[in-house]
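Here is the structure we will look at.
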Amino acid sequence: MTGRIGVITFPGTLDDVDAARAVRLAGGEAVRLWHGDDDLRGVAAVILPGGFSYGDYLRAGAIAAFAPVMRPVLDAARRGMPVLGICNGFQILCEAGLLPGALVRNAGLRFVCREVALRVENRSTPWTSGYRSGAEITVPLKSGEGRYVADEGTLAELEAAGRVVFRYVDPAPSGALHDIAGVCSADGRVVGLMPHPEHAVDPLTGPGADGLAVFASVFASVVDAELREDRM
Amino acid sequence: MTHLASTTDTVEKASATPGAPQPWRELGLRAEEYARIRQILGRRPTEAELAVYSVMWSEHCSYKSSKVHLGYFGQTTAPAVRERMLAGIGENAGVVDIGDGWAATFKIESHNHPSYVEPYQGAATGVGGIVRDVLAMGARPIGVVDPLRFGPAGAPDTARVLPGVVAGVGGYGNRLGLPTIGGELVFDASYAGNPLVNVLCVGAMRTEQLHLARARGVGNKVVLFGASTGRDGIGGVSVLASQTFSGEGSGRRKLPSVQVGDPFTEKVLVECCLELFAAGLVAGIQDLGGAGLSCATSELASAGDGGMSVTLDAVPVRATGMTPAEILSSESQERMCAVVRPADVAGFLAVCAKWEVPATVIGEVTDSGRLVVTWHGETVVDVPPRTVAHEGPTYHRPLRRPPTQDELRAATPDRLRRPSTPEELRATILAMAASPNLCSRSWVSDQYDRYVRGNTVCAQGADAGVLRVDETSQRGVAVATDCNARFCALDPYLGAQLALAEAYRNVATSGAVPVAVTNCLNFGSPEDPGVMWQFQQAVCGLADGAAVLGIPVTGGNVSFYNQTGSTPILPTPVVGVLGVLDDVRRRIPVGVGLAGDGLWLLGRTRDELGGSEWAHVVHGHLGGHPPEVDLAAEAALARLLASAAREGALRRAHDLSEGGLAQALVEACLASDTGAQVTLPGEAFVALFAESSARVLVAVPPAAAQRFLDLCGEVPHVRLGVAGGGSLEIDGLPRLGLAELRGAWDATLPALFG
Amino acid sequence: MDVMPKPEILDPQGKAVAGAMARLGFTGVHDVRQGKHFELDVEDGLDDETLHRIATMLLANPVIEDWAVRWVGDEPGTDGETPG
Amino acid sequence: MDVMPKPEILDPQGKAVAGAMARLGFTGVHDVRQGKHFELDVEDGLDDETLHRIATMLLANPVIEDWAVRWVGDEPGTDGETPG
Ligand SMILES: Nc1ncnc2c1ncn2[C@@H]1O[C@H](COP(=O)(O)OP(=O)(O)O)[C@@H](O)[C@H]1O
Ligand SMILES: [Mg+2]
């Protein structure tokens with residue numbers, strides 16, 4: 001019962017198989033969770049993968065934020081469980097109020113799918129502890145509503161507190177403010193990012209394996225926590 | 001429909017009022033077709049029956065103009081070749097065994113006319129439709145390829161149509177979670193009023209999961225599931241797809257002829273169907289596409305036990321006041337129709353409920369030999385389903401080689417001025433690389449998700465898209481589509497073979513073994529004898545070519561009436577080839593490899609520039625002879641590539657097609673971000689720009705050089721030089737820096753489309 | 001200017017919203033359709049015909065969409081608005 | 001109900017439309033902003049408070065969007081409409 005990491009599937013979620021594969025490659029056990037579930041089946045961390053939940057016709061993530069499974073996710077996040085939102089998952093976490101700001105239509109108005117370079121600017125979260133500080137990684141970005149926005153005050157706060165976890169090295173293809181690719185909650189446990197580390201876990205099918213450390217980090221972190229609990 | 005009386009037209013009424021006037025002509029039927037319907041039924045058809053027959057007997061559904069020619073595909077498929085097909089022409093999509101208990105299915109379909117009218121939705125629903133075809137075979141759809149053709153790149157209408165089409169393909173495919181792994185983008189004036197939006201979908205399944213569209217087992221239930229039925233695309237197939245755009249005046253109330261897609265509903269439908277298949281709850285299945293329920297019910301019944309009864313009141317409708325004729329011909333998207341054993345109905349509905357997919361029992365299989373449809377307790381359709389689905393009209397359209405063909409053939413490119421100085425040659429290479437048909441496709445492919453599901457091994461810029469099918473064994477498939485319509489205009493028989501040869505070569509160049517063919521035959525009006533001749537020639541060329549290569553044509557699609565006024569498009573038989581890789585880790589990407597790798601040209605180069613990209617870009621010229629076809633050489637080349645890939649003797653490769661060796665070198669250098677030093681074999685202009693077939697550029701690691709040469713055998717091979725450095729240096733020409741090349745190659749589409 | 005999918009045309013966006021409302025327990029809403037809303041700041045003299053051409057050429061595809069214009073005064077967004 | 005991007009938020013869609021108008025030679029339009037338009041068919045008794053909750057919970061994201069409600073009579077789309 002170690003390293004159980006939940007991967008949520010909402011109707012319209014697409015990258016759940018990829019997130020589950022990444023968890024397995026990192027050594028963990030991927031536990032599939034369904035949008036209608038009302039508990040998290042004992043997982044130690046949870047991932048909201050990419051896709052277009054409920055079609056995302058209204059606003060990305062807006063409808064999924066109210067799915068039954070989000071209630072236990074909110075509770076667990078408050079207790080400090082590591083939560084990761086990738087792309088649509090990030091949008092859902094913002095809509096659900098777990099992360100500040102919002103993701104709006106790309107400045108170029110088109111869906112953008114390409115490999116991007118990111119700088120890991122905060123390695124104190126359970127999702128980034130495995131990276132060297134300041135590491136530059138290459139992962140795919142693929143989204144139409146990926147432009148991170150927040151009001152000036154929020155942005156200043158995020159910057160001051162080191163809560164910008166991932167930043168685009170080159171100008172953000174989405175036009176994201178401050179070139180922000182990913183942010184975390186005040187306690188650092190909840191992380192959301194637009195690019196897809198789960199698509200960069202094997203050079204055969206992605207730009208490389210730079211994304212694997214996200215999943216290895218959280219695996220190490222939850223296994224570590226479990227060991228400590230056992231000892232207590 | 002305005003002609004419908006306020007009360008329903010029933011079989012009883014039809015028998016009682018044999019002389020009632022009917023709008024068969026407005027529905028696109030000919031006098032003799034209407035007479036035949038009356039003869040089949042022994043009375044006049046009801047309005048619902050008339051709607052059913054008219055949509056099912058339209059060109060789009062009945063293949064009435066093409067049938068007599070398409071039979072040739074079957075006649076030319078040798079029994080041994082046929083054996084590898086688990087399903088072939090006539091099924092929703094062809095299925096081939098790809099080893100290890102896996103099967104792959106693939107098919108292309110056109111959505112040309114709707115995409116001109118409403119580019120986004122037309123293209124989107126084109127993706128949705130072909131995905132359901134593949135799903136209906138029992139397979140999980142795993143990838144999409146989108147061969148697209150538009151008018152001149154700079155034309156204002158292209159700026160309207162192209163961005164919408166690309167956004168539509170992406171908007172649907174991306175939301176559906178299917179990687180787009182390839183496509184084509186071709187500009188030619190002949191497509192100006194008539195873009196071609198073809199979409200190929202490939203699917204994979206365990207062989208035992210193969211499902212067929214048959215309604216077998218008397219008493220089995222017919223279940224309609226997915227989206228509800230509205231007035232979408234009523235008359236879409238029969239009116240829109242069977243007449244040119246200007247041909248309005250069908251006398252019907254103006255209903256939207258374009259459908260709107262809901263990819264979210266389709267995604268859920270896909271997952272729901274796959275769970276139903278896995279649970280063994282499906283006895284037969286058919287997707288609802290053109291002609292909607294009319295098509296699904298009549299085809300299922302016709303291919304099965306021959307009878308079906310349907311209660312139309314049970315169909316969940318979205319609009320109020322829909323008539324039986326409207327419900328039967330609605331083309332609402334994202335619907336499927338399944339045949340389910342009575343004992344499985346509860347389980348079937350439970351799976352649908354889990355996915356929140358509405359599902360309704362609408363009828364059952366009978367042995368009456370009739371398709372009987374009731375509405376409010378009265379019979380509105382009572383017909384022999386075979387006469388609707390499989391025994392529609394057959395035309396033997398007149399065909400004639402157009403007299404202008406000789407002039408076209410005589411206007412060879414020989415007298416066109418060729419670049420001669422090193423500076424001219426260099427400038428030509430750059431200008432060609434920046435031309436709309438050869439420049440980078442990233443503006444398009446960057447709008448498509450190619451990563452989703454994590455099995456995409458090659459996509460953007462690859463010769464063939466490569467997908468892993470089995471994560472454990474690493475078995476996978478490769479797919480490419482091709483067609484050089486200018487070659488087809490010069491000689492449709494050879495042009496179709498060249499399209500086949502190119503797709504076959506692209507698959508082989510990726511390291512895969514080609515195993516099957518599909519097609520999408522886009523032509524002008526079948527009522528034009530010249531077009532009919534092109535069509536017949538292309539079919540024969542393709543069938544004969546596939547027979548020589550020993551791979552079956554497993555299916556396809558015909559799109560006629562692609563013309564503006566009386567000017568048809570260039571004949572465009574798009575050919576798709578599927579290949580198998582035992583281990584996708586041994587695929588060969590595009591490129592020149594690493595510094596020091598040897599660059600070789602495989603195949604023979606001739607002074608062949610008829611229909612070439614050079615003649616088109618530099619002189620706006622089309623005439624002469626297409627390149628020679630040598631299918632034996634193509635097959636030998638493919639065998640060499642497959643064995644060299646298996647033995648690790650190739651680092652990179654790229655096939656030669658439009659733009660010849662010059663363009664292949666440019667693309668390969670840019671893909672590897674590495675330059676090359678090259679000595680041209682023979683006269684520089686011909687070596688650079690001729691478009692002789694059966695040629696591939698390969699990069700061989702030094703350590704594998706001897707092994708590679710041993711494998712070459714009979715295949716002509718010449719060493720061009722080595723990879724390395726920051727520029728493309730062609731002996732005798734001023735060097736081409738990679739940055740300059742990339743600038744030229746990358747800038748064109750963004751400059752045109754933003 | 002409001003651009004809406006024609007009544008006969010499927011409106012997946014509206015459908016998704018209606019579904020979400022039902023799940024959230026908002027019962028008083030029978031049906032939702034979603035379209036686009038454009039606020040054009042125009043010159044005083046702009047005539048209806050020009051607006052018509054803008055609508056049909058650019059803002060709406062008459063094949064699948066209907067559109068309607070509403071003129072508002074100088075202060076944008078003052079008519080019938082509840083605080084948002 | 002109309003949902004519009006907040007004035008301080010960049011509206012690339014509106015900008016793109018404005019650009020296209022300029023290219024097509026429509027000169028009388030100074031500025032365009034694009035948002036969403038929802039037509040809700042609601043029960044007679046539906047109160048403003050519920051509508052407010054629907055708007056802020058679901059239809060608009062108050063972080064980035066403003067919204068406004070307009071009630072129309074029984075016949076949908078009859079107010080201030082020019083033929084579309
Ligand atoms: N419409 C499109 N969508 C996606 N990929 C495309 C499209 N058009 C072209 N491509 C991709 O761009 C690359 C070059 O295309 P093309 O020149 O037609 O290849 P080839 O000549 O080898 O057949 C290929 O990888 C092809 O799949
Ligand atoms: Mg190629």
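Residues are named by chain letter and number: chains run A, B, ... in the order of the structure tokens, numbers start at 1 in each chain, and ligands are numbered from 1 in the order shown.
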
Inset, instruction - Identify all residues of region 47-205 of chain A in alpha helix (DSSP H) (DSSP on the backbone) and supply them as a VMD selection string. - result: chain A and resid 70 to 78 88 to 95 152 to 160

For chain B versus ligand 1, which residues have an atom no more than 9 Å away, and what is each residue's nearest atom pair and distance in Å rounded to one decimal, using only C-alpha atoms and all ligand atoms, chain-then-number order, as CSV?
residue,atom,partner,partner_atom_place_in_ligand_line,distance
B:Val144,CA,ligand 1,4 (C),8.8
B:Val145,CA,ligand 1,4 (C),6.5
B:Asp146,CA,ligand 1,1 (N),5.0
B:Pro147,CA,ligand 1,1 (N),5.4
B:Leu148,CA,ligand 1,1 (N),5.4
B:Arg149,CA,ligand 1,1 (N),8.4
B:Val166,CA,ligand 1,1 (N),7.4
B:Val169,CA,ligand 1,3 (N),8.8
B:Thr180,CA,ligand 1,4 (C),6.4
B:Ile181,CA,ligand 1,27 (O),6.4
B:Gly182,CA,ligand 1,27 (O),3.1
B:Gly183,CA,ligand 1,7 (C),3.5
B:Glu184,CA,ligand 1,8 (N),3.2
B:Leu185,CA,ligand 1,8 (N),4.2
B:Val186,CA,ligand 1,8 (N),7.7
B:Asn437,CA,ligand 1,17 (O),7.6
B:Leu438,CA,ligand 1,17 (O),6.3
B:Cys439,CA,ligand 1,17 (O),8.3
B:Ser440,CA,ligand 1,12 (O),7.2
B:Arg441,CA,ligand 1,12 (O),5.2
B:Ser442,CA,ligand 1,12 (O),7.5
B:Val444,CA,ligand 1,3 (N),5.9
B:Ser445,CA,ligand 1,4 (C),4.6
B:Asp446,CA,ligand 1,4 (C),8.3
B:Gln447,CA,ligand 1,4 (C),8.8
B:Tyr448,CA,ligand 1,4 (C),7.4
B:Cys458,CA,ligand 1,25 (O),8.3
B:Ala459,CA,ligand 1,25 (O),5.9
B:Gln460,CA,ligand 1,25 (O),4.7
B:Gly461,CA,ligand 1,25 (O),3.3
B:Ala462,CA,ligand 1,25 (O),3.8
B:Asp463,CA,ligand 1,22 (O),4.3
B:Ala464,CA,ligand 1,25 (O),6.3
B:Gly465,CA,ligand 1,27 (O),6.6
B:Ala480,CA,ligand 1,23 (O),6.9
B:Thr481,CA,ligand 1,23 (O),6.7
B:Asp482,CA,ligand 1,23 (O),5.6
B:Cys483,CA,ligand 1,23 (O),8.2
B:Glu502,CA,ligand 1,23 (O),7.0
B:Ala503,CA,ligand 1,23 (O),6.8
B:Arg505,CA,ligand 1,22 (O),8.8
B:Asn506,CA,ligand 1,22 (O),6.0
B:His654,CA,ligand 1,22 (O),7.5
B:Asp655,CA,ligand 1,22 (O),6.2
B:Leu656,CA,ligand 1,21 (O),7.2
B:Ser657,CA,ligand 1,21 (O),5.5
B:Glu658,CA,ligand 1,21 (O),6.2
B:Gly659,CA,ligand 1,21 (O),8.9
B:Ala664,CA,ligand 1,21 (O),8.8
B:Glu667,CA,ligand 1,14 (C),8.9

Legend entry - Of the listed residues C:Gly45, C:Met21, C:Met4, C:Met57, that which approaches Arg33 (chain C) most closely, counting only C-alpha atoms: C:Met4

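Proximity to region 109-114 of chain A at 6 Å, evaluated using only C-alpha atoms and with sequence-adjacent residues fewer than 4 positions away removed, yields Pro140, Leu141, Lys142, Ser143 and Gly144 of chain A; Asp446, Gln447 and Asp449 of chain B.
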
Selection above as a file: N, CA, C and O atoms, as a PDB file, in the first residue's frame:
ATOM      1  N   PRO A 140       5.971  19.000 -23.765  1.00  0.00           N
ATOM      2  CA  PRO A 140       4.987  19.521 -24.702  1.00  0.00           C
ATOM      3  C   PRO A 140       3.981  20.445 -24.018  1.00  0.00           C
ATOM      4  O   PRO A 140       3.617  20.252 -22.860  1.00  0.00           O
ATOM      5  N   LEU A 141       3.574  21.442 -24.779  1.00  0.00           N
ATOM      6  CA  LEU A 141       2.461  22.302 -24.367  1.00  0.00           C
ATOM      7  C   LEU A 141       1.374  22.065 -25.408  1.00  0.00           C
ATOM      8  O   LEU A 141       1.670  21.987 -26.603  1.00  0.00           O
ATOM      9  N   LYS A 142       0.136  21.919 -24.987  1.00  0.00           N
ATOM     10  CA  LYS A 142      -0.924  21.753 -25.980  1.00  0.00           C
ATOM     11  C   LYS A 142      -2.221  22.276 -25.378  1.00  0.00           C
ATOM     12  O   LYS A 142      -2.855  21.605 -24.583  1.00  0.00           O
ATOM     13  N   SER A 143      -2.570  23.477 -25.749  1.00  0.00           N
ATOM     14  CA  SER A 143      -3.790  24.037 -25.184  1.00  0.00           C
ATOM     15  C   SER A 143      -4.262  25.237 -25.987  1.00  0.00           C
ATOM     16  O   SER A 143      -3.483  25.893 -26.671  1.00  0.00           O
ATOM     17  N   GLY A 144      -5.541  25.501 -25.894  1.00  0.00           N
ATOM     18  CA  GLY A 144      -6.145  26.652 -26.531  1.00  0.00           C
ATOM     19  C   GLY A 144      -6.464  27.740 -25.525  1.00  0.00           C
ATOM     20  O   GLY A 144      -6.553  28.916 -25.862  1.00  0.00           O
TER      21      GLY A 144
ATOM     22  N   ASP B 446       0.878  22.396 -35.716  1.00  0.00           N
ATOM     23  CA  ASP B 446       0.977  22.897 -34.345  1.00  0.00           C
ATOM     24  C   ASP B 446      -0.389  23.128 -33.707  1.00  0.00           C
ATOM     25  O   ASP B 446      -0.477  23.432 -32.520  1.00  0.00           O
ATOM     26  N   GLN B 447      -1.441  23.047 -34.506  1.00  0.00           N
ATOM     27  CA  GLN B 447      -2.775  23.215 -33.921  1.00  0.00           C
ATOM     28  C   GLN B 447      -3.397  21.866 -33.562  1.00  0.00           C
ATOM     29  O   GLN B 447      -4.546  21.798 -33.132  1.00  0.00           O
ATOM     30  N   ASP B 449      -3.097  18.205 -31.488  1.00  0.00           N
ATOM     31  CA  ASP B 449      -2.466  17.422 -30.428  1.00  0.00           C
ATOM     32  C   ASP B 449      -1.892  16.153 -31.057  1.00  0.00           C
ATOM     33  O   ASP B 449      -2.621  15.380 -31.667  1.00  0.00           O
TER      34      ASP B 449
END

Sort by chain and increasing residue number a table of all residues of chain C within 6 Å of chain D, each with its closest pair of atoms and their distance in Å to one decimal, counting only C-alpha atoms, and write it as JSON lines.
{"residue": "C:Gly28", "atom": "CA", "partner": "D:Glu43", "partner_atom": "CA", "distance": 5.1}
{"residue": "C:Val29", "atom": "CA", "partner": "D:Val42", "partner_atom": "CA", "distance": 4.3}
{"residue": "C:His30", "atom": "CA", "partner": "D:Asp41", "partner_atom": "CA", "distance": 5.4}
{"residue": "C:Asp31", "atom": "CA", "partner": "D:Asp41", "partner_atom": "CA", "distance": 5.0}
{"residue": "C:Val32", "atom": "CA", "partner": "D:Leu40", "partner_atom": "CA", "distance": 4.6}
{"residue": "C:Arg33", "atom": "CA", "partner": "D:Glu39", "partner_atom": "CA", "distance": 5.2}
{"residue": "C:Gln34", "atom": "CA", "partner": "D:Phe38", "partner_atom": "CA", "distance": 4.6}
{"residue": "C:Gly35", "atom": "CA", "partner": "D:His37", "partner_atom": "CA", "distance": 4.9}
{"residue": "C:Lys36", "atom": "CA", "partner": "D:Lys36", "partner_atom": "CA", "distance": 4.4}
{"residue": "C:His37", "atom": "CA", "partner": "D:Gly35", "partner_atom": "CA", "distance": 4.9}
{"residue": "C:Phe38", "atom": "CA", "partner": "D:Gln34", "partner_atom": "CA", "distance": 4.6}
{"residue": "C:Glu39", "atom": "CA", "partner": "D:Arg33", "partner_atom": "CA", "distance": 5.1}
{"residue": "C:Leu40", "atom": "CA", "partner": "D:Val32", "partner_atom": "CA", "distance": 4.6}
{"residue": "C:Asp41", "atom": "CA", "partner": "D:Asp31", "partner_atom": "CA", "distance": 5.0}
{"residue": "C:Val42", "atom": "CA", "partner": "D:Val29", "partner_atom": "CA", "distance": 4.3}
{"residue": "C:Glu43", "atom": "CA", "partner": "D:Gly28", "partner_atom": "CA", "distance": 5.0}
{"residue": "C:Asp66", "atom": "CA", "partner": "D:Gly84", "partner_atom": "CA", "distance": 5.3}
{"residue": "C:Trp67", "atom": "CA", "partner": "D:Gly84", "partner_atom": "CA", "distance": 4.8}
{"residue": "C:Ala68", "atom": "CA", "partner": "D:Glu81", "partner_atom": "CA", "distance": 4.9}
{"residue": "C:Val69", "atom": "CA", "partner": "D:Glu81", "partner_atom": "CA", "distance": 5.5}
{"residue": "C:Arg70", "atom": "CA", "partner": "D:Gly80", "partner_atom": "CA", "distance": 5.4}
{"residue": "C:Gly80", "atom": "CA", "partner": "D:Arg70", "partner_atom": "CA", "distance": 5.6}
{"residue": "C:Glu81", "atom": "CA", "partner": "D:Ala68", "partner_atom": "CA", "distance": 4.9}
{"residue": "C:Thr82", "atom": "CA", "partner": "D:Ala68", "partner_atom": "CA", "distance": 5.5}
{"residue": "C:Gly84", "atom": "CA", "partner": "D:Trp67", "partner_atom": "CA", "distance": 4.7}

Inset, instruction - Would you mind listing what lies within 10 Å of Leu99 (chain A) as a PyMOL selection string, with only C-alpha atoms counted and same-chain residues fewer than 6 positions away left out? - result: chain A and resi 85+90-93+183-186+190-192

Inset, instruction - Enter the distance from CA of Pro12 (chain C) to CA of Asp262 (chain B), in Å, rounded to one decimal. - result: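 CA of Pro12 (chain C) sits 5.7 Å away from CA of Asp262 (chain B).
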
Inset, instruction - Select all residues from chain B having any atom no more than 10 Å from an atom of chain C (counting only C-alpha atoms, ignoring ligands), output as a list in words. - result: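 Close enough to count are Val117, Glu118, Gln121, Arg160, Ala227, Ser228, Thr229, Gly230, Arg231, Asp232, Gly233, Lys254, Leu255, Pro256, Ser257, Val258, Gln259, Val260, Gly261, Asp262, Pro263, Phe264, Thr265, Arg318, Ala319, Thr320, Ser332 and Gln333 of chain B.
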
Inset, instruction - Pull out every residue of chain A that has at least one atom within 12 Å of chain C, counting only C-alpha atoms, and report them as a list in words. - result: Pro11, Gly12, Gly36, Phe52, Ser53, Tyr54, Gly55, Asp56, Tyr57, Leu58, Arg59, Ala60, Gly61, Ala62, Ile63, Ala64, Ala65, Phe66, Ala67 and Pro68 of chain A

Which residues, written as a PDB file with N, CA and C atoms, in the first residue's frame, have at least one atom at most 9 Å from Phe215 (chain A), with only C-alpha atoms counted and residues fewer than 5 positions away on the same chain left out?
ATOM      1  N   ALA A  19      -1.057  10.124 -17.711  1.00  0.00           N
ATOM      2  CA  ALA A  19      -0.691  10.424 -16.327  1.00  0.00           C
ATOM      3  C   ALA A  19      -0.489   9.124 -15.553  1.00  0.00           C
ATOM      4  N   ALA A  22       2.796   7.624 -16.473  1.00  0.00           N
ATOM      5  CA  ALA A  22       3.916   8.355 -15.860  1.00  0.00           C
ATOM      6  C   ALA A  22       4.084   7.954 -14.395  1.00  0.00           C
ATOM      7  N   VAL A  23       2.958   7.803 -13.711  1.00  0.00           N
ATOM      8  CA  VAL A  23       3.026   7.375 -12.298  1.00  0.00           C
ATOM      9  C   VAL A  23       3.691   6.005 -12.209  1.00  0.00           C
ATOM     10  N   ARG A  24       3.292   5.103 -13.079  1.00  0.00           N
ATOM     11  CA  ARG A  24       3.872   3.748 -13.056  1.00  0.00           C
ATOM     12  C   ARG A  24       5.360   3.790 -13.371  1.00  0.00           C
ATOM     13  N   LEU A  25       5.732   4.571 -14.396  1.00  0.00           N
ATOM     14  CA  LEU A  25       7.157   4.650 -14.760  1.00  0.00           C
ATOM     15  C   LEU A  25       7.986   5.219 -13.622  1.00  0.00           C
ATOM     16  N   ALA A  26       7.342   6.051 -12.783  1.00  0.00           N
ATOM     17  CA  ALA A  26       8.063   6.639 -11.663  1.00  0.00           C
ATOM     18  C   ALA A  26       8.086   5.692 -10.463  1.00  0.00           C
ATOM     19  N   GLY A  27       7.449   4.532 -10.602  1.00  0.00           N
ATOM     20  CA  GLY A  27       7.484   3.548  -9.532  1.00  0.00           C
ATOM     21  C   GLY A  27       6.214   3.457  -8.709  1.00  0.00           C
ATOM     22  N   GLY A  28       5.289   4.350  -8.959  1.00  0.00           N
ATOM     23  CA  GLY A  28       4.080   4.378  -8.151  1.00  0.00           C
ATOM     24  C   GLY A  28       2.982   3.471  -8.669  1.00  0.00           C
ATOM     25  N   TRP A 127       5.947  18.052  -5.875  1.00  0.00           N
ATOM     26  CA  TRP A 127       5.933  17.672  -7.297  1.00  0.00           C
ATOM     27  C   TRP A 127       7.217  18.083  -8.016  1.00  0.00           C
ATOM     28  N   THR A 128       8.079  18.842  -7.352  1.00  0.00           N
ATOM     29  CA  THR A 128       9.274  19.342  -8.043  1.00  0.00           C
ATOM     30  C   THR A 128      10.558  19.105  -7.251  1.00  0.00           C
ATOM     31  N   GLY A 130      12.422  16.721  -6.993  1.00  0.00           N
ATOM     32  CA  GLY A 130      13.449  15.925  -7.659  1.00  0.00           C
ATOM     33  C   GLY A 130      14.263  16.690  -8.689  1.00  0.00           C
ATOM     34  N   PRO A 197       4.031  17.391 -18.401  1.00  0.00           N
ATOM     35  CA  PRO A 197       5.177  16.542 -18.046  1.00  0.00           C
ATOM     36  C   PRO A 197       4.899  15.070 -18.337  1.00  0.00           C
ATOM     37  N   GLU A 198       3.649  14.658 -18.304  1.00  0.00           N
ATOM     38  CA  GLU A 198       3.345  13.238 -18.529  1.00  0.00           C
ATOM     39  C   GLU A 198       3.549  12.831 -19.985  1.00  0.00           C
ATOM     40  N   ALA A 220       8.417   9.810  -4.351  1.00  0.00           N
ATOM     41  CA  ALA A 220       9.378   9.817  -3.243  1.00  0.00           C
ATOM     42  C   ALA A 220       8.763  10.478  -2.013  1.00  0.00           C
TER      43      ALA A 220
END

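Here the residues within region 5-48 of chain C that DSSP labels strand (DSSP E) on the basis of the backbone are C:Pro5, C:Val29, C:His30, C:Asp31, C:Val32, C:Arg33, C:Gln34, C:Gly35, C:Lys36, C:His37, C:Phe38, C:Glu39, C:Leu40, C:Asp41, C:Val42.
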
With chain A as the partner and 7 Å as the cut-off, tabulate the residues of chain B that qualify, each row holding the nearest pair of atoms and their distance in Å to one decimal, using only C-alpha atoms, sorted by chain and rising number, as CSV.
residue,atom,partner,partner_atom,distance
B:Arg175,CA,A:Phe52,CA,5.9
B:Gly177,CA,A:Leu14,CA,5.3
B:Phe264,CA,A:Gly55,CA,4.6
B:Lys267,CA,A:Gly12,CA,6.4
B:Val268,CA,A:Pro11,CA,6.5
B:Asp446,CA,A:Cys113,CA,4.8
B:Gln447,CA,A:Phe111,CA,5.0
B:Tyr448,CA,A:Cys113,CA,6.2
B:Asp449,CA,A:Cys113,CA,5.8
B:Tyr451,CA,A:His199,CA,6.5
B:Val452,CA,A:Asp15,CA,6.1
B:Arg453,CA,A:Asp18,CA,5.6
B:Gly454,CA,A:Asp18,CA,5.8
B:Asn455,CA,A:Thr205,CA,6.0
B:Thr456,CA,A:Thr205,CA,5.4
B:Val457,CA,A:Thr205,CA,4.9
B:Arg585,CA,A:Leu204,CA,7.0

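The space between CA of Leu609 (chain B) and CA of Leu408 (chain B) spans 13.9 Å.
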
Inset, instruction - Can you work out the spacing between CA of Val380 (chain B) and CA of Asp344 (chain B) in Å, to one decimal? - result: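 Taking CA of Val380 (chain B) as the start and CA of Asp344 (chain B) as the end point, the length is 29.0 Å.
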
Legend entry - Nearby residues (only C-alpha atoms) at most 9 Å from Val678 (chain B), same-chain spacing under 2 positions excluded, as number ranges by chain: B: 599, 676, 680, 719-723, 728-731

Inset, instruction - Show which residues sit within 6 Å of Arg695 (chain B), as number ranges by chain. Count only C-alpha atoms, and ignore same-chain residues fewer than 2 positions away. - result: B: 602-603, 656, 693
